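*Asks:* Structure file structure.tsv, TSV, N, CA and C atoms, is pasted below:
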```tsv
chain	number	residue	atom	x	y	z
A	1	MET	N	-5.71	25.36	15.85
A	1	MET	CA	-5.70	25.25	14.40
A	1	MET	C	-7.12	25.00	13.92
A	2	LYS	N	-7.54	25.78	12.97
A	2	LYS	CA	-8.90	25.69	12.46
A	2	LYS	C	-8.99	24.61	11.38
A	3	ARG	N	-10.04	23.78	11.48
A	3	ARG	CA	-10.25	22.72	10.51
A	3	ARG	C	-10.80	23.30	9.22
A	4	GLU	N	-10.35	22.78	8.10
A	4	GLU	CA	-10.84	23.21	6.80
A	4	GLU	C	-12.32	22.86	6.67
A	5	VAL	N	-13.08	23.79	6.13
A	5	VAL	CA	-14.52	23.56	5.94
A	5	VAL	C	-14.71	22.56	4.81
A	6	ARG	N	-15.54	21.59	5.06
A	6	ARG	CA	-15.85	20.59	4.03
A	6	ARG	C	-17.09	21.06	3.28
A	7	SER	N	-16.91	21.37	2.01
A	7	SER	CA	-18.05	21.89	1.24
A	7	SER	C	-18.39	21.02	0.03
A	8	LYS	N	-17.61	20.00	-0.21
A	8	LYS	CA	-17.83	19.12	-1.36
A	8	LYS	C	-18.31	17.76	-0.86
A	9	SER	N	-19.04	17.06	-1.72
A	9	SER	CA	-19.51	15.74	-1.32
A	9	SER	C	-19.27	14.72	-2.42
A	10	VAL	N	-19.20	13.48	-2.00
A	10	VAL	CA	-19.06	12.34	-2.91
A	10	VAL	C	-20.19	11.40	-2.55
A	11	GLY	N	-20.91	10.90	-3.52
A	11	GLY	CA	-22.06	10.06	-3.22
A	11	GLY	C	-22.04	8.74	-3.96
A	12	THR	N	-22.80	7.81	-3.43
A	12	THR	CA	-22.98	6.53	-4.08
A	12	THR	C	-24.32	5.95	-3.61
A	13	LYS	N	-24.84	5.04	-4.36
A	13	LYS	CA	-26.10	4.40	-3.97
A	13	LYS	C	-25.79	3.01	-3.43
A	14	VAL	N	-26.51	2.64	-2.37
A	14	VAL	CA	-26.36	1.32	-1.76
A	14	VAL	C	-27.75	0.75	-1.51
A	15	SER	N	-27.82	-0.56	-1.37
A	15	SER	CA	-29.09	-1.20	-1.04
A	15	SER	C	-29.38	-1.00	0.44
A	16	GLU	N	-30.59	-1.35	0.87
A	16	GLU	CA	-30.96	-1.26	2.29
A	16	GLU	C	-30.03	-2.14	3.13
A	17	ALA	N	-29.75	-3.34	2.64
A	17	ALA	CA	-28.89	-4.26	3.38
A	17	ALA	C	-27.47	-3.70	3.49
A	18	GLU	N	-26.96	-3.14	2.40
A	18	GLU	CA	-25.62	-2.55	2.43
A	18	GLU	C	-25.56	-1.36	3.39
A	19	LEU	N	-26.62	-0.56	3.40
A	19	LEU	CA	-26.67	0.59	4.31
A	19	LEU	C	-26.62	0.12	5.76
A	20	ARG	N	-27.34	-0.95	6.08
A	20	ARG	CA	-27.32	-1.47	7.44
A	20	ARG	C	-25.92	-1.94	7.83
A	21	VAL	N	-25.23	-2.58	6.89
A	21	VAL	CA	-23.86	-3.03	7.16
A	21	VAL	C	-22.95	-1.83	7.41
A	22	LEU	N	-23.05	-0.80	6.57
A	22	LEU	CA	-22.22	0.40	6.74
A	22	LEU	C	-22.51	1.09	8.07
A	23	GLU	N	-23.79	1.22	8.39
A	23	GLU	CA	-24.17	1.86	9.66
A	23	GLU	C	-23.66	1.06	10.85
A	24	SER	N	-23.73	-0.25	10.75
A	24	SER	CA	-23.25	-1.11	11.82
A	24	SER	C	-21.74	-0.94	12.01
A	25	ARG	N	-21.01	-0.88	10.94
A	25	ARG	CA	-19.56	-0.71	11.02
A	25	ARG	C	-19.20	0.64	11.62
A	26	ALA	N	-19.91	1.68	11.22
A	26	ALA	CA	-19.66	3.02	11.77
A	26	ALA	C	-19.96	3.03	13.26
A	27	GLU	N	-21.09	2.43	13.64
A	27	GLU	CA	-21.48	2.38	15.05
A	27	GLU	C	-20.43	1.61	15.86
A	28	HIS	N	-19.97	0.49	15.30
A	28	HIS	CA	-18.95	-0.32	15.98
A	28	HIS	C	-17.66	0.49	16.17
A	29	ALA	N	-17.33	1.36	15.21
A	29	ALA	CA	-16.13	2.19	15.30
A	29	ALA	C	-16.35	3.41	16.20
A	30	GLY	N	-17.60	3.67	16.57
A	30	GLY	CA	-17.90	4.78	17.45
A	30	GLY	C	-17.89	6.14	16.77
A	31	VAL	N	-18.20	6.14	15.47
A	31	VAL	CA	-18.24	7.40	14.71
A	31	VAL	C	-19.52	7.45	13.89
A	32	THR	N	-19.79	8.63	13.35
A	32	THR	CA	-20.96	8.75	12.48
A	32	THR	C	-20.70	8.03	11.17
A	33	LEU	N	-21.76	7.77	10.44
A	33	LEU	CA	-21.62	7.11	9.15
A	33	LEU	C	-20.75	7.95	8.22
A	34	SER	N	-20.97	9.26	8.20
A	34	SER	CA	-20.16	10.14	7.34
A	34	SER	C	-18.68	10.07	7.70
A	35	GLU	N	-18.39	10.12	9.00
A	35	GLU	CA	-16.98	10.04	9.42
A	35	GLU	C	-16.37	8.70	9.03
A	36	TRP	N	-17.13	7.62	9.22
A	36	TRP	CA	-16.60	6.30	8.91
A	36	TRP	C	-16.32	6.16	7.42
A	37	VAL	N	-17.28	6.59	6.60
A	37	VAL	CA	-17.10	6.50	5.14
A	37	VAL	C	-15.89	7.34	4.71
A	38	ARG	N	-15.77	8.55	5.23
A	38	ARG	CA	-14.65	9.42	4.89
A	38	ARG	C	-13.33	8.76	5.28
A	39	ASP	N	-13.28	8.19	6.49
A	39	ASP	CA	-12.06	7.52	6.94
A	39	ASP	C	-11.71	6.35	6.03
A	40	VAL	N	-12.70	5.58	5.63
A	40	VAL	CA	-12.44	4.42	4.76
A	40	VAL	C	-11.96	4.90	3.39
A	41	LEU	N	-12.61	5.91	2.84
A	41	LEU	CA	-12.22	6.40	1.52
A	41	LEU	C	-10.83	7.02	1.52
A	42	LEU	N	-10.51	7.74	2.56
A	42	LEU	CA	-9.21	8.42	2.63
A	42	LEU	C	-8.14	7.57	3.31
A	43	GLY	N	-8.51	6.43	3.82
A	43	GLY	CA	-7.59	5.62	4.61
A	43	GLY	C	-6.69	4.72	3.81
A	44	SER	N	-6.08	5.21	2.75
A	44	SER	CA	-5.24	4.35	1.94
A	44	SER	C	-3.78	4.38	2.37
A	45	SER	N	-3.38	5.32	3.23
A	45	SER	CA	-2.00	5.34	3.67
A	45	SER	C	-1.88	4.66	5.03
A	46	VAL	N	-0.69	4.26	5.38
A	46	VAL	CA	-0.46	3.57	6.64
A	46	VAL	C	-0.84	4.47	7.80
A	47	GLU	N	-0.51	5.75	7.71
A	47	GLU	CA	-0.77	6.66	8.82
A	47	GLU	C	-2.26	6.77	9.10
A	48	THR	N	-3.11	6.76	8.08
A	48	THR	CA	-4.54	6.91	8.29
A	48	THR	C	-5.27	5.58	8.31
A	49	GLY	N	-4.53	4.49	8.20
A	49	GLY	CA	-5.17	3.19	8.39
A	49	GLY	C	-5.40	2.38	7.15
A	50	THR	N	-4.34	1.79	6.61
A	50	THR	CA	-4.49	0.85	5.52
A	50	THR	C	-5.45	-0.24	5.98
A	51	MET	N	-6.24	-0.71	5.11
A	51	MET	CA	-7.23	-1.72	5.47
A	51	MET	C	-6.58	-2.89	6.20
A	52	ALA	N	-7.24	-3.33	7.25
A	52	ALA	CA	-6.71	-4.41	8.09
A	52	ALA	C	-6.45	-5.67	7.28
A	53	ALA	N	-7.33	-5.97	6.34
A	53	ALA	CA	-7.14	-7.18	5.53
A	53	ALA	C	-5.87	-7.09	4.70
A	54	GLU	N	-5.57	-5.91	4.16
A	54	GLU	CA	-4.35	-5.74	3.37
A	54	GLU	C	-3.12	-5.95	4.24
A	55	ARG	N	-3.14	-5.40	5.45
A	55	ARG	CA	-2.00	-5.56	6.36
A	55	ARG	C	-1.84	-7.03	6.73
A	56	ALA	N	-2.94	-7.71	7.02
A	56	ALA	CA	-2.88	-9.12	7.42
A	56	ALA	C	-2.36	-9.99	6.28
A	57	ILE	N	-2.83	-9.74	5.08
A	57	ILE	CA	-2.38	-10.54	3.93
A	57	ILE	C	-0.90	-10.32	3.68
A	58	LEU	N	-0.46	-9.06	3.68
A	58	LEU	CA	0.96	-8.78	3.48
A	58	LEU	C	1.79	-9.43	4.57
A	59	ALA	N	1.35	-9.36	5.81
A	59	ALA	CA	2.08	-9.97	6.92
A	59	ALA	C	2.23	-11.47	6.73
A	60	GLU	N	1.15	-12.13	6.32
A	60	GLU	CA	1.20	-13.58	6.12
A	60	GLU	C	2.13	-13.94	4.96
A	61	VAL	N	2.07	-13.18	3.89
A	61	VAL	CA	2.95	-13.44	2.74
A	61	VAL	C	4.41	-13.27	3.15
A	62	LEU	N	4.71	-12.23	3.92
A	62	LEU	CA	6.09	-12.00	4.36
A	62	LEU	C	6.56	-13.13	5.28
A	63	ALA	N	5.71	-13.59	6.17
A	63	ALA	CA	6.09	-14.68	7.06
A	63	ALA	C	6.35	-15.95	6.25
A	64	MET	N	5.47	-16.23	5.30
A	64	MET	CA	5.64	-17.42	4.47
A	64	MET	C	6.92	-17.32	3.63
A	65	ARG	N	7.19	-16.13	3.12
A	65	ARG	CA	8.40	-15.90	2.33
A	65	ARG	C	9.64	-16.18	3.17
A	66	THR	N	9.65	-15.67	4.39
A	66	THR	CA	10.78	-15.90	5.29
A	66	THR	C	11.00	-17.38	5.52
A	67	ILE	N	9.94	-18.09	5.80
A	67	ILE	CA	10.04	-19.52	6.09
A	67	ILE	C	10.52	-20.29	4.85
A	68	VAL	N	9.89	-20.05	3.72
A	68	VAL	CA	10.24	-20.78	2.50
A	68	VAL	C	11.68	-20.51	2.07
A	69	LEU	N	12.08	-19.23	2.07
A	69	LEU	CA	13.45	-18.91	1.65
A	69	LEU	C	14.48	-19.55	2.58
A	70	ASN	N	14.24	-19.51	3.87
A	70	ASN	CA	15.18	-20.13	4.80
A	70	ASN	C	15.25	-21.65	4.60
A	71	PHE	N	14.11	-22.28	4.39
A	71	PHE	CA	14.10	-23.72	4.14
A	71	PHE	C	14.83	-24.04	2.83
A	72	MET	N	14.58	-23.23	1.81
A	72	MET	CA	15.22	-23.49	0.51
A	72	MET	C	16.74	-23.36	0.61
A	73	LEU	N	17.21	-22.36	1.36
A	73	LEU	CA	18.65	-22.20	1.53
A	73	LEU	C	19.26	-23.40	2.23
A	74	LYS	N	18.61	-23.90	3.27
A	74	LYS	CA	19.11	-25.07	3.99
A	74	LYS	C	19.13	-26.31	3.09
A	75	VAL	N	18.04	-26.53	2.39
A	75	VAL	CA	17.95	-27.69	1.51
A	75	VAL	C	18.96	-27.57	0.37
A	76	GLY	N	19.10	-26.35	-0.18
A	76	GLY	CA	20.06	-26.13	-1.27
A	76	GLY	C	21.49	-26.39	-0.84
A	77	GLU	N	21.80	-26.16	0.43
A	77	GLU	CA	23.13	-26.43	0.95
A	77	GLU	C	23.29	-27.90	1.33
A	78	GLY	N	22.21	-28.66	1.21
A	78	GLY	CA	22.25	-30.08	1.56
A	78	GLY	C	22.14	-30.33	3.05
A	79	ASN	N	21.70	-29.32	3.79
A	79	ASN	CA	21.56	-29.47	5.24
A	79	ASN	C	20.15	-29.91	5.61
A	80	PRO	N	20.05	-30.81	6.59
A	80	PRO	CA	18.72	-31.19	7.06
A	80	PRO	C	18.12	-30.03	7.86
A	81	ILE	N	16.81	-30.03	7.97
A	81	ILE	CA	16.12	-28.99	8.73
A	81	ILE	C	15.53	-29.64	9.97
A	82	PRO	N	16.20	-29.47	11.10
A	82	PRO	CA	15.69	-30.09	12.34
A	82	PRO	C	14.36	-29.48	12.74
A	83	GLU	N	13.52	-30.27	13.36
A	83	GLU	CA	12.19	-29.83	13.75
A	83	GLU	C	12.27	-28.62	14.69
A	84	ALA	N	13.21	-28.63	15.61
A	84	ALA	CA	13.34	-27.51	16.56
A	84	ALA	C	13.67	-26.21	15.83
A	85	SER	N	14.55	-26.30	14.84
A	85	SER	CA	14.90	-25.10	14.05
A	85	SER	C	13.70	-24.61	13.25
A	86	SER	N	12.94	-25.54	12.71
A	86	SER	CA	11.75	-25.18	11.95
A	86	SER	C	10.76	-24.44	12.83
A	87	LYS	N	10.51	-24.98	14.02
A	87	LYS	CA	9.56	-24.35	14.94
A	87	LYS	C	10.04	-22.96	15.35
A	88	LYS	N	11.35	-22.83	15.62
A	88	LYS	CA	11.91	-21.55	16.03
A	88	LYS	C	11.76	-20.51	14.90
A	89	LEU	N	12.04	-20.92	13.66
A	89	LEU	CA	11.90	-20.01	12.52
A	89	LEU	C	10.44	-19.60	12.32
A	90	ILE	N	9.54	-20.54	12.42
A	90	ILE	CA	8.11	-20.24	12.26
A	90	ILE	C	7.64	-19.28	13.35
A	91	GLU	N	8.07	-19.53	14.58
A	91	GLU	CA	7.71	-18.62	15.68
A	91	GLU	C	8.24	-17.22	15.44
A	92	TRP	N	9.49	-17.12	14.97
A	92	TRP	CA	10.08	-15.80	14.69
A	92	TRP	C	9.31	-15.10	13.57
A	93	ALA	N	9.02	-15.82	12.50
A	93	ALA	CA	8.29	-15.24	11.37
A	93	ALA	C	6.92	-14.76	11.81
A	94	ASP	N	6.23	-15.55	12.60
A	94	ASP	CA	4.90	-15.15	13.10
A	94	ASP	C	4.99	-13.94	14.02
A	95	ALA	N	6.01	-13.91	14.87
A	95	ALA	CA	6.14	-12.81	15.83
A	95	ALA	C	6.51	-11.49	15.15
A	96	ASN	N	7.18	-11.55	14.02
A	96	ASN	CA	7.68	-10.34	13.37
A	96	ASN	C	6.95	-9.94	12.10
A	97	LYS	N	5.97	-10.72	11.68
A	97	LYS	CA	5.34	-10.48	10.38
A	97	LYS	C	4.62	-9.14	10.30
A	98	MET	N	3.88	-8.75	11.34
A	98	MET	CA	3.13	-7.49	11.27
A	98	MET	C	4.08	-6.29	11.28
A	99	LYS	N	5.12	-6.37	12.08
A	99	LYS	CA	6.11	-5.28	12.12
A	99	LYS	C	6.73	-5.11	10.74
A	100	ARG	N	7.11	-6.20	10.11
A	100	ARG	CA	7.72	-6.13	8.78
A	100	ARG	C	6.73	-5.61	7.74
A	101	ALA	N	5.48	-6.03	7.84
A	101	ALA	CA	4.46	-5.56	6.89
A	101	ALA	C	4.28	-4.06	7.02
A	102	LEU	N	4.19	-3.56	8.26
A	102	LEU	CA	4.01	-2.13	8.47
A	102	LEU	C	5.21	-1.34	7.98
A	103	GLU	N	6.41	-1.87	8.17
A	103	GLU	CA	7.62	-1.19	7.66
A	103	GLU	C	7.55	-1.05	6.15
A	104	ILE	N	7.14	-2.10	5.47
A	104	ILE	CA	7.03	-2.06	4.01
A	104	ILE	C	5.94	-1.08	3.59
A	105	LEU	N	4.80	-1.09	4.28
A	105	LEU	CA	3.72	-0.18	3.93
A	105	LEU	C	4.11	1.28	4.16
A	106	VAL	N	4.86	1.55	5.23
A	106	VAL	CA	5.32	2.92	5.49
A	106	VAL	C	6.25	3.37	4.37
A	107	LYS	N	7.21	2.51	3.99
A	107	LYS	CA	8.13	2.86	2.90
A	107	LYS	C	7.37	3.10	1.61
A	108	SER	N	6.41	2.23	1.32
A	108	SER	CA	5.62	2.35	0.10
A	108	SER	C	4.81	3.64	0.11
A	109	SER	N	4.21	3.96	1.26
A	109	SER	CA	3.40	5.17	1.38
A	109	SER	C	4.27	6.40	1.20
A	110	ALA	N	5.46	6.42	1.80
A	110	ALA	CA	6.37	7.55	1.66
A	110	ALA	C	6.80	7.71	0.20
A	111	ARG	N	7.05	6.59	-0.47
A	111	ARG	CA	7.47	6.64	-1.87
A	111	ARG	C	6.34	7.20	-2.74
A	112	GLU	N	5.10	6.76	-2.48
A	112	GLU	CA	3.96	7.28	-3.24
A	112	GLU	C	3.79	8.78	-3.02
A	113	GLU	N	3.96	9.24	-1.78
A	113	GLU	CA	3.83	10.67	-1.49
A	113	GLU	C	4.90	11.46	-2.21
A	114	ARG	N	6.14	10.94	-2.24
A	114	ARG	CA	7.22	11.64	-2.96
A	114	ARG	C	6.90	11.71	-4.45
A	115	MET	N	6.37	10.62	-5.00
A	115	MET	CA	6.06	10.60	-6.42
A	115	MET	C	4.96	11.61	-6.74
A	116	GLN	N	3.96	11.71	-5.86
A	116	GLN	CA	2.85	12.62	-6.11
A	116	GLN	C	3.27	14.08	-5.94
A	117	SER	N	4.26	14.35	-5.07
A	117	SER	CA	4.67	15.72	-4.84
A	117	SER	C	5.87	16.12	-5.69
A	118	ALA	N	6.37	15.21	-6.51
A	118	ALA	CA	7.52	15.53	-7.35
A	118	ALA	C	7.14	16.57	-8.40
A	119	ALA	N	8.13	17.33	-8.78
A	119	ALA	CA	7.90	18.35	-9.81
A	119	ALA	C	7.50	17.66	-11.12
A	120	PRO	N	6.63	18.30	-11.88
A	120	PRO	CA	6.23	17.67	-13.14
A	120	PRO	C	7.40	17.61	-14.11
A	121	GLU	N	7.31	16.67	-15.01
A	121	GLU	CA	8.37	16.55	-16.02
A	121	GLU	C	8.39	17.81	-16.87
A	122	PRO	N	9.58	18.21	-17.31
A	122	PRO	CA	9.63	19.40	-18.15
A	122	PRO	C	8.92	19.16	-19.48
A	123	ALA	N	8.31	20.20	-19.98
A	123	ALA	CA	7.58	20.08	-21.25
A	123	ALA	C	8.57	19.92	-22.39
A	124	LEU	N	8.15	19.20	-23.41
A	124	LEU	CA	8.98	19.06	-24.60
A	124	LEU	C	9.00	20.38	-25.35
A	125	PRO	N	10.11	20.70	-26.00
A	125	PRO	CA	10.16	21.97	-26.74
A	125	PRO	C	9.13	21.99	-27.86
A	126	GLN	N	8.52	23.15	-28.06
A	126	GLN	CA	7.52	23.30	-29.11
A	126	GLN	C	8.16	23.38	-30.49
A	127	GLN	N	9.32	23.99	-30.57
A	127	GLN	CA	10.04	24.12	-31.83
A	127	GLN	C	11.04	22.98	-31.94
A	128	PRO	N	11.23	22.42	-33.13
A	128	PRO	CA	12.21	21.34	-33.27
A	128	PRO	C	13.61	21.85	-32.93
A	129	VAL	N	14.39	21.00	-32.32
A	129	VAL	CA	15.77	21.34	-32.01
A	129	VAL	C	16.50	21.52	-33.32
A	130	ALA	N	17.43	22.49	-33.37
A	130	ALA	CA	18.11	22.86	-34.61
A	130	ALA	C	18.74	21.66	-35.30
A	131	ALA	N	19.47	20.83	-34.56
A	131	ALA	CA	20.14	19.68	-35.15
A	131	ALA	C	19.12	18.70	-35.75
A	132	ALA	N	18.02	18.51	-35.05
A	132	ALA	CA	16.99	17.59	-35.54
A	132	ALA	C	16.34	18.14	-36.80
A	133	ALA	N	16.15	19.45	-36.86
A	133	ALA	CA	15.56	20.07	-38.04
A	133	ALA	C	16.46	19.90	-39.24
A	134	GLU	N	17.79	20.00	-39.02
A	134	GLU	CA	18.74	19.82	-40.13
A	134	GLU	C	18.70	18.39	-40.65
A	135	VAL	N	18.57	17.42	-39.74
A	135	VAL	CA	18.52	16.00	-40.16
A	135	VAL	C	17.27	15.77	-40.98
A	136	VAL	N	16.15	16.32	-40.54
A	136	VAL	CA	14.90	16.16	-41.26
A	136	VAL	C	15.01	16.80	-42.65
A	137	SER	N	15.60	17.98	-42.73
A	137	SER	CA	15.75	18.67	-44.01
A	137	SER	C	16.63	17.89	-44.95
A	138	ALA	N	17.70	17.29	-44.43
A	138	ALA	CA	18.63	16.54	-45.25
A	138	ALA	C	17.98	15.29	-45.83
A	139	CYS	N	17.00	14.75	-45.14
A	139	CYS	CA	16.33	13.52	-45.58
A	139	CYS	C	15.31	13.78	-46.67
A	140	ARG	N	14.95	15.01	-46.89
A	140	ARG	CA	13.91	15.31	-47.86
A	140	ARG	C	14.40	15.33	-49.25
```
Rewrite the structure from the file as structure tokens, please.

*Replies:*
Amino acid sequence: MKREVRSKSVGTKVSEAELRVLESRAEHAGVTLSEWVRDVLLGSSVETGTMAAERAILAEVLAMRTIVLNFMLKVGEGNPIPEASSKKLIEWADANKMKRALEILVKSSAREERMQSAAPEPALPQQPVAAAAEVVSACR
């Protein structure tokens, strides 16, 4: 399969210090600066690499949500929360947080792709609908 020729460019200005940081990150990733920048710019979907910080933050929020909701349900029922149960729940939330975050990101990415590929909304009629025209005429 032949790769599409890249003939367009996107540019930005950076300081010397920023350029060194970008070059260092590209080198660390084992790619050229152009490849690294392209990957970062296009990497907004899960398949091409949502930013690690976004995945980590979502994972932590999901783990915290799991823990808080479970504790609230127990307290709301008037049940004590034994330390062993708390530790077990925290361990489970920590062990499963990244998997759950990636599942949500995949669903979100698929939903965004469907929305972008959906057929455009039909255009509104240029001529007034007959019934609407009669109502307008009657009001005059």

*Asks:* One decimal, in Å: what's the spacing between CA of Lys87 in chain A and CA of Leu58 in chain A?

*Replies:*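 Taking CA of Lys87 in chain A and CA of Leu58 in chain A, their separation equals 21.2 Å.
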
*Asks:* So what do you get for atom N of Ala63 in chain A versus CA of His28 in chain A, distance-wise?

*Replies:*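 Between atom N of Ala63 in chain A and CA of His28 in chain A the gap is 29.7 Å.
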
*Asks:* Can you write out as CSV which residues of range 32-83 of chain A fall within 8 Å of range 94-100 of chain A, alongside each residue's closest atom pair and its distance in Å to one decimal, counting only N, CA and C atoms and ordering rows by chain and ascending residue number?

*Replies:*
```
residue,atom,partner,partner_atom,distance
A:Arg55,C,A:Met98,CA,6.7
A:Ala56,CA,A:Met98,CA,7.3
A:Leu58,C,A:Lys97,C,6.4
A:Ala59,CA,A:Lys97,C,4.3
A:Glu60,N,A:Lys97,CA,6.1
A:Val61,N,A:Lys97,CA,7.8
A:Leu62,C,A:Lys97,CA,5.9
A:Ala63,N,A:Lys97,CA,5.2
A:Met64,N,A:Asp94,N,7.4
```

*Asks:* Select from range 15-119 of chain A everything DSSP, run on the backbone, classes as alpha helix (DSSP H), then give the selection as JSON, numbers by chain.

*Replies:* {"A": [16, 17, 18, 19, 20, 21, 22, 23, 24, 25, 26, 27, 28, 29, 33, 34, 35, 36, 37, 38, 39, 40, 41, 42, 52, 53, 54, 55, 56, 57, 58, 59, 60, 61, 62, 63, 64, 65, 66, 67, 68, 69, 70, 71, 72, 73, 74, 75, 76, 83, 84, 85, 86, 87, 88, 89, 90, 91, 92, 93, 94, 95, 96, 97, 98, 99, 100, 101, 102, 103, 104, 105, 106, 107, 108, 109, 110, 111, 112, 113, 114, 115, 116, 117]}

*Asks:* State, in Å with one decimal place, the distance from CA of Ile67 in chain A to CA of Leu102 in chain A.

*Replies:*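 Taking CA of Ile67 in chain A and CA of Leu102 in chain A, their separation equals 18.6 Å.
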